[in-house]
Structures are given as C-alpha cells and as structure tokens.
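The file final.cif contains mmCIF, C-alpha atoms and all ligand atoms:
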data_data
#
loop_
_atom_site.label_atom_id
_atom_site.label_comp_id
_atom_site.auth_asym_id
_atom_site.auth_seq_id
_atom_site.Cartn_x
_atom_site.Cartn_y
_atom_site.Cartn_z
CA MET A 21 18.03 -8.43 -6.34
CA THR A 22 16.68 -5.28 -7.95
CA VAL A 23 12.93 -5.15 -8.29
CA ARG A 24 11.15 -3.27 -11.05
CA ILE A 25 7.56 -3.95 -11.99
CA ASP A 26 6.05 -2.17 -14.96
CA SER A 27 2.40 -1.47 -15.69
CA GLN A 28 0.68 0.73 -18.23
CA ARG A 29 1.12 4.10 -16.51
CA LEU A 30 3.27 3.21 -13.51
CA TYR A 31 6.33 1.38 -12.40
CA LEU A 32 7.14 0.01 -8.98
CA ARG A 33 10.70 -0.06 -7.68
CA GLU A 34 12.30 -0.53 -4.29
CA LEU A 35 11.92 2.50 -2.05
CA GLU A 36 15.22 4.04 -0.96
CA GLU A 37 16.16 6.44 1.82
CA ALA A 38 16.75 9.07 -0.90
CA ASP A 39 13.00 8.92 -1.69
CA VAL A 40 12.24 10.53 1.68
CA SER A 41 11.41 13.98 0.34
CA ALA A 42 9.49 17.00 1.64
CA ALA A 43 6.50 15.73 -0.35
CA TYR A 44 6.68 12.27 1.27
CA LEU A 45 6.83 13.88 4.72
CA GLU A 46 3.82 16.02 3.80
CA TRP A 47 1.84 12.88 2.84
CA MET A 48 2.52 11.34 6.24
CA ARG A 49 1.46 14.53 8.02
CA ASP A 50 -1.74 14.94 5.97
CA PRO A 51 -4.74 13.80 8.05
CA ALA A 52 -6.74 13.09 4.86
CA VAL A 53 -4.06 10.65 3.69
CA THR A 54 -3.51 8.90 7.04
CA GLN A 55 -7.18 8.94 8.11
CA TYR A 56 -7.44 5.14 7.91
CA LEU A 57 -3.80 4.26 8.60
CA GLU A 58 -2.16 3.34 11.90
CA ALA A 59 0.57 5.80 10.89
CA ARG A 60 -1.72 8.61 12.03
CA PHE A 61 -0.85 7.78 15.64
CA GLU A 62 2.85 8.49 15.10
CA GLU A 63 4.78 11.71 14.63
CA HIS A 64 6.79 11.80 11.44
CA ASN A 65 9.94 13.67 10.51
CA ASP A 66 12.72 13.24 7.99
CA LYS A 67 14.74 11.08 10.37
CA SER A 68 11.88 8.78 11.37
CA LEU A 69 10.85 8.21 7.74
CA ARG A 70 14.43 7.42 6.71
CA ALA A 71 14.71 5.00 9.63
CA TYR A 72 11.43 3.35 8.55
CA VAL A 73 12.64 2.93 4.96
CA ALA A 74 16.02 1.57 6.14
CA ALA A 75 14.32 -0.91 8.48
CA GLN A 76 12.00 -2.13 5.71
CA ARG A 77 14.95 -2.54 3.34
CA ALA A 78 16.81 -4.60 5.92
CA ASP A 79 13.80 -6.81 6.64
CA PRO A 80 13.77 -9.93 4.43
CA SER A 81 10.06 -10.43 5.11
CA SER A 82 9.15 -7.06 3.64
CA LEU A 83 9.21 -5.53 0.18
CA LEU A 84 8.51 -1.80 0.17
CA LEU A 85 8.12 -0.32 -3.30
CA ALA A 86 7.75 3.21 -4.61
CA ILE A 87 4.80 3.80 -6.93
CA VAL A 88 6.14 6.01 -9.72
CA LEU A 89 4.19 7.64 -12.55
CA ARG A 90 6.02 6.95 -15.79
CA GLU A 91 5.00 10.36 -17.05
CA GLY A 92 7.30 12.83 -15.35
CA ASP A 93 8.91 10.04 -13.29
CA ARG A 94 6.86 11.22 -10.30
CA HIS A 95 6.82 9.32 -6.99
CA ILE A 96 3.16 9.34 -5.91
CA GLY A 97 3.06 6.73 -3.16
CA ASN A 98 4.22 3.39 -1.86
CA ILE A 99 3.03 -0.19 -1.89
CA LYS A 100 4.25 -2.81 0.52
CA LEU A 101 4.30 -6.57 0.48
CA GLY A 102 4.75 -7.84 4.00
CA PRO A 103 5.00 -9.47 6.30
CA ILE A 104 5.82 -12.27 3.87
CA ASP A 105 5.23 -15.67 5.46
CA ARG A 106 7.62 -18.17 3.86
CA HIS A 107 5.92 -21.18 5.48
CA HIS A 108 2.39 -20.46 4.32
CA LEU A 109 3.51 -18.53 1.23
CA THR A 110 1.28 -15.57 2.03
CA ALA A 111 1.83 -11.84 2.37
CA ASP A 112 -0.15 -8.78 3.32
CA VAL A 113 -0.42 -5.86 0.88
CA GLY A 114 -0.56 -2.26 2.06
CA ILE A 115 -0.82 0.79 -0.19
CA LEU A 116 -0.51 4.52 0.21
CA ILE A 117 -1.01 7.01 -2.58
CA GLY A 118 0.22 10.09 -0.79
CA ASP A 119 -0.18 12.58 -3.60
CA ARG A 120 -3.87 13.45 -3.31
CA THR A 121 -3.97 14.87 -6.85
CA ALA A 122 -3.35 11.28 -7.98
CA TRP A 123 -6.40 9.82 -6.21
CA GLY A 124 -9.36 8.45 -8.14
CA ARG A 125 -7.43 7.88 -11.37
CA GLY A 126 -7.07 4.15 -11.08
CA TYR A 127 -3.44 4.22 -9.93
CA GLY A 128 -4.20 2.36 -6.70
CA THR A 129 -5.95 -0.42 -8.63
CA GLU A 130 -3.13 -0.48 -11.20
CA ALA A 131 -0.36 -0.69 -8.57
CA ILE A 132 -2.08 -3.53 -6.68
CA GLY A 133 -2.83 -5.27 -9.98
CA ALA A 134 0.85 -5.04 -11.00
CA LEU A 135 2.20 -6.30 -7.69
CA CYS A 136 0.03 -9.45 -7.57
CA PRO A 137 1.50 -11.33 -10.57
CA TYR A 138 5.00 -10.47 -9.34
CA ALA A 139 4.21 -11.84 -5.87
CA PHE A 140 2.75 -15.04 -7.31
CA ALA A 141 5.13 -15.74 -10.19
CA GLU A 142 8.44 -14.31 -8.96
CA LEU A 143 8.14 -14.79 -5.20
CA GLY A 144 6.11 -17.99 -5.39
CA LEU A 145 3.45 -16.79 -2.98
CA ARG A 146 0.09 -18.58 -2.88
CA LYS A 147 -2.14 -15.94 -1.41
CA LEU A 148 -2.17 -12.21 -0.74
CA THR A 149 -4.24 -10.56 1.96
CA ALA A 150 -5.24 -7.00 2.77
CA GLY A 151 -7.12 -5.30 5.54
CA SER A 152 -9.04 -2.06 5.41
CA TYR A 153 -11.23 0.11 7.59
CA ALA A 154 -14.78 -0.49 6.34
CA ALA A 155 -15.15 3.25 5.88
CA ASN A 156 -12.22 3.31 3.46
CA VAL A 157 -14.42 2.65 0.45
CA GLY A 158 -11.77 3.63 -2.11
CA SER A 159 -9.28 1.17 -0.68
CA ILE A 160 -11.70 -1.76 -0.59
CA ARG A 161 -12.84 -0.98 -4.12
CA ALA A 162 -9.26 -0.74 -5.41
CA PHE A 163 -8.42 -4.17 -3.94
CA GLU A 164 -11.63 -5.68 -5.31
CA LYS A 165 -10.97 -4.26 -8.77
CA ALA A 166 -7.49 -5.81 -8.56
CA GLY A 167 -9.01 -9.26 -7.97
CA PHE A 168 -9.30 -9.45 -4.18
CA ARG A 169 -12.46 -10.82 -2.57
CA ARG A 170 -13.96 -9.87 0.77
CA GLU A 171 -13.34 -12.75 3.17
CA ALA A 172 -14.44 -11.45 6.54
CA VAL A 173 -15.57 -8.50 8.56
CA GLN A 174 -14.17 -7.88 12.03
CA GLN A 175 -16.86 -6.01 13.90
CA GLY A 176 -15.77 -2.83 15.66
CA GLN A 177 -12.08 -3.60 15.18
CA PHE A 178 -10.88 -0.01 15.08
CA VAL A 179 -11.64 3.31 16.68
CA CYS A 180 -11.70 6.11 14.14
CA ASP A 181 -12.68 9.67 15.06
CA GLY A 182 -14.11 8.35 18.32
CA ARG A 183 -16.34 5.78 16.57
CA ARG A 184 -16.10 2.01 16.29
CA VAL A 185 -15.32 0.98 12.75
CA ASP A 186 -15.35 -2.52 11.23
CA ALA A 187 -12.30 -4.03 9.52
CA VAL A 188 -12.75 -5.69 6.12
CA LEU A 189 -10.34 -8.51 5.34
CA LEU A 190 -9.70 -9.30 1.70
CA GLY A 191 -7.73 -12.00 -0.07
CA ARG A 192 -6.58 -13.01 -3.53
CA CYS A 193 -5.24 -16.45 -4.32
CA ALA A 194 -2.70 -17.20 -7.03
CA SER A 195 -5.30 -19.32 -8.79
CA ASN A 196 -7.81 -16.44 -9.06
C1 LIG B 201 -7.13 4.02 -0.97
C2 LIG B 201 -6.26 4.41 -2.16
C3 LIG B 201 -5.09 3.45 -2.27
C4 LIG B 201 -7.11 4.30 -3.43
O1 LIG B 201 -6.28 4.60 -4.53
P1 LIG B 201 -6.86 5.36 -5.81
O2 LIG B 201 -5.80 5.36 -6.83
O3 LIG B 201 -7.43 6.65 -5.39
O4 LIG B 201 -8.02 4.34 -6.20
P2 LIG B 201 -8.55 4.04 -7.68
O5 LIG B 201 -8.52 5.31 -8.48
O6 LIG B 201 -7.80 2.87 -8.23
O7 LIG B 201 -10.06 3.69 -7.39
C5 LIG B 201 -10.55 2.40 -7.19
C6 LIG B 201 -12.06 2.48 -7.08
O8 LIG B 201 -12.42 3.10 -5.85
C7 LIG B 201 -13.20 4.25 -6.09
N1 LIG B 201 -12.78 5.25 -5.11
C8 LIG B 201 -11.54 5.77 -4.94
N2 LIG B 201 -11.54 6.63 -3.90
C9 LIG B 201 -12.81 6.63 -3.41
C10 LIG B 201 -13.45 7.31 -2.33
N3 LIG B 201 -12.77 8.15 -1.53
N4 LIG B 201 -14.76 7.07 -2.11
C11 LIG B 201 -15.44 6.22 -2.91
N5 LIG B 201 -14.89 5.53 -3.94
C12 LIG B 201 -13.60 5.75 -4.18
C13 LIG B 201 -12.91 4.67 -7.51
O9 LIG B 201 -13.96 5.40 -8.06
C14 LIG B 201 -12.71 3.32 -8.17
O10 LIG B 201 -13.95 2.68 -8.40
P3 LIG B 201 -14.68 2.71 -9.84
O11 LIG B 201 -13.62 2.36 -10.83
O12 LIG B 201 -15.74 1.70 -9.67
O13 LIG B 201 -15.15 4.10 -10.01
C15 LIG B 201 -5.76 5.88 -2.02
O14 LIG B 201 -6.85 6.73 -1.93
C16 LIG B 201 -4.87 6.07 -0.80
O15 LIG B 201 -3.71 5.70 -0.83
N6 LIG B 201 -5.41 6.62 0.30
C17 LIG B 201 -4.64 6.93 1.49
C18 LIG B 201 -4.01 5.73 2.18
C19 LIG B 201 -4.97 4.57 2.36
O16 LIG B 201 -6.08 4.71 2.84
N7 LIG B 201 -4.49 3.38 1.98
C20 LIG B 201 -5.23 2.14 2.07
C21 LIG B 201 -5.10 1.54 3.41
S1 LIG B 201 -5.90 -0.04 3.50
#

Render the structure in this file as structure tokens.
Amino acid sequence: MTVRIDSQRLYLRELEEADVSAAYLEWMRDPAVTQYLEARFEEHNDKSLRAYVAAQRADPSSLLLAIVLREGDRHIGNIKLGPIDRHHLTADVGILIGDRTAWGRGYGTEAIGALCPYAFAELGLRKLTAGSYAANVGSIRAFEKAGFRREAVQQGQFVCDGRRVDAVLLGRCASN
C-alpha cells in the first residue's frame, strides 16, 4: 500500500531510507528542535537514522510519513501514526518539523489536520491521541487547532533542563 495524503500546501508520503539526508541529521542534532523530544537523549548519525526509518517501515503498527512542501518539493519534517492499536482502534500522533525556517507558518497544524481524516476514514481508527511537554506551547496549540482536546495533565512527568515539567495529553475522536 502506498500512502499519499494531500493538503493545501503539503503532502504526506511514506518516509524512506533515502530521505535520511544531511538536513534530516541536522534536525535531529539541533537542540532547539529536539528540546521537547525523547530523541534528545540519543546520539544520531546517518546509520542510526536509516535504521530507525527501516524499523518503522517494517513495523505494521507504525506509519511514518514525510511532510513535504508542495512548493519546491521540500521535505520539512515527519509525522508519525503509532503505535496503532488494532483492538481499541487508537493511535498516537507524533510530529517533527525539523526545518526551523518552516515553523510558525501553520504547517504543523496542516499536517496533523491532513493525517486525521486519513486515520479515521482509511485506517478505520476511532481515536487519535498525542502527548506533549506542557512547555511546548506550539505543539499543544497545533494539535488543538487540528481538533484535539486536552484530556489530562500528568504532573511533573518529565525532566527538562533540570526542571519538572507536566505532560499534556490530548485526544481527537473520529466523531469530532
Ligand atoms: C511543535 C511544532 C510541530 C509546531 O509546528 P508549527 O508548524 O511551527 O506550528 P503552527 O505554525 O501550525 O502553529 C500552531 C499554533 O501554535 C503557535 N505556535 C507555534 N510555535 C509556537 C511557539 N514556539 N510558541 C508559542 N506559540 C507557537 C502558532 O502561532 C499557532 O497558533 P495561532 O495560529 O493561534 O497563532 C514544530 O514547532 C516542531 O516540530 N517542533 C519541534 C518538534 C516538536 O516539538 N514536536 C512536537 C512534539 S509533541
């Protein structure tokens, strides 16, 4: 199955090992990009990123997609659906816009907003969830603008820069 999801300015397609570029590696090594991601605890290189992409592609409970700007066909980040739970028909959504020049232009909101109808209509999922560090205001806002609602706060769930940070859990149901 080949996945392609189109939106106004973007399209989403399956991420391939060939997408592991110098730019992608730079995103994963940029502390501003990984500030609120668990990926900041790992070291990244070309080989580890390729292995990650290959593992995601082989995992039937995961769908890792490239976020591509239609204009210039530029890969600006990734969005992931997974783990997908086939019993409860739920999945978690994670997003990374690695190209910092693309931040604040609505692409995060647009990518999440494009993935949701695909997950509900094509994959038959009932509910999507997302988790964010409370300090990651842009992420929470992007999910909310894409129809997610705050469902819970986990007090002091993470340690970020030596401080305890809350986790915000969000969800969007197919019937939203
Ligand atoms: C979080 C992220 C996905 C947001 O994507 P984006 O394309 O920059 O977000 P959008 O442009 O769609 O913005 C959505 C809303 O958040 C606001 N916003 C974005 N970044 C913000 C920031 N750093 N601080 C405050 N508000 C912010 C925008 O203004 C917009 O709200 P508005 O329309 O009311 O003005 C992106 O910054 C990113 O990938 N960051 C690094 C990885 C990461 O943290 N991923 C999320 C893990 S849960």

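The residue that comes closest to Arg192 (chain A), out of A:Asp39, A:Glu130, A:Asp112, A:Asp79 and on the basis of only C-alpha atoms, is A:Asp112.
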
Within 9 Å of ligand LIG 201 (chain B), counting all atoms listed in the file: which residues, as an MDAnalysis selection string? chainID A and resid 47 52:57 97:99 113:120 122:132 150:153 155:166

Just the residues within 8 Å of Arg60 (chain A), please, counting all atoms listed in the file, with nothing from its chain fewer than 6 positions along; format it as a VMD selection string. chain A and resid 48 to 49 51 54

What separation in Å, quoted to one decimal, exists between CA of Arg70 (chain A) and CA of Val23 (chain A)?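 Answer for the CA of Arg70 (chain A) to CA of Val23 (chain A) separation: 19.6 Å.
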
Please compute the CA of Arg24 (chain A)-CA of Ala139 (chain A) distance, one decimal, in Å.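 Computed distance, CA of Arg24 (chain A) to CA of Ala139 (chain A), equals 12.2 Å.
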
Could you give me, as a PyMOL selection string, the residues that have an atom at most 10 Å away from the point (14.8, -5.6, -7.3) in the coordinates of the file, using all atoms listed in the file? chain A and resi 21-25+32-34+83+85

Selection above as a file: C-alpha atoms, as a CSV table (one decimal), keeping the file's coordinate frame:
chain,number,residue,atom,x,y,z
A,21,MET,CA,18.0,-8.4,-6.3
A,22,THR,CA,16.7,-5.3,-8.0
A,23,VAL,CA,12.9,-5.2,-8.3
A,24,ARG,CA,11.2,-3.3,-11.0
A,25,ILE,CA,7.6,-4.0,-12.0
A,32,LEU,CA,7.1,0.0,-9.0
A,33,ARG,CA,10.7,-0.1,-7.7
A,34,GLU,CA,12.3,-0.5,-4.3
A,83,LEU,CA,9.2,-5.5,0.2
A,85,LEU,CA,8.1,-0.3,-3.3

Interatomic distance, CA of Tyr72 (chain A) to CA of Val88 (chain A) (Å, one decimal):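 Going from CA of Tyr72 (chain A) over to CA of Val88 (chain A), I get 19.2 Å.
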
For Ala194 (chain A), which of A:Cys136, A:Cys180, A:Leu89, A:Leu143 is the closest residue, counting only C-alpha atoms?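 Smallest separation from Ala194 (chain A) among the options: A:Cys136.
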
Identify the residues within 12 Å of coordinate (4.6, -19.1, -3.9) (same frame as the file), considering all atoms listed in the file, and give the answer as a VMD selection string. chain A and resid 104 to 111 136 to 148 193 to 195

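Distance annotation: of A:His64, A:Arg90, A:Arg77, A:His95, the residue with the minimal separation from Asp50 (chain A) is A:His64; atom set is all atoms listed in the file.
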
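Neighbours of Val185 (chain A) closer than or equal to 6 Å, with all atoms listed in the file counted and sequence neighbours fewer than 5 positions away skipped, come out as Gly176, Phe178 and Val179 of chain A.
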
Pick from A:Leu30, A:Ala59, A:Leu69, A:Ala43, whichever lies nearest to Ala86 (chain A) using all atoms listed in the file: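 Closest to Ala86 (chain A), using all atoms listed in the file: A:Leu30.
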
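Considering only C-alpha atoms, the residue among A:Glu63, A:Val73, A:Asp26, A:Glu37 positioned nearest to Ile87 (chain A) is A:Asp26.
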
Need the shell around Gln177 (chain A): protein/DNA/RNA residues with any atom at most 10 Å away, counting only C-alpha atoms. Skip same-chain ones fewer than 5 positions apart. Format as an NGL selection string? :A and (153-154 or 184-188)

For Leu135 (chain A), which residue out of A:Lys100, A:Ala71, A:Thr121, A:Leu45 is the nearest one, using all atoms listed in the file? A:Lys100
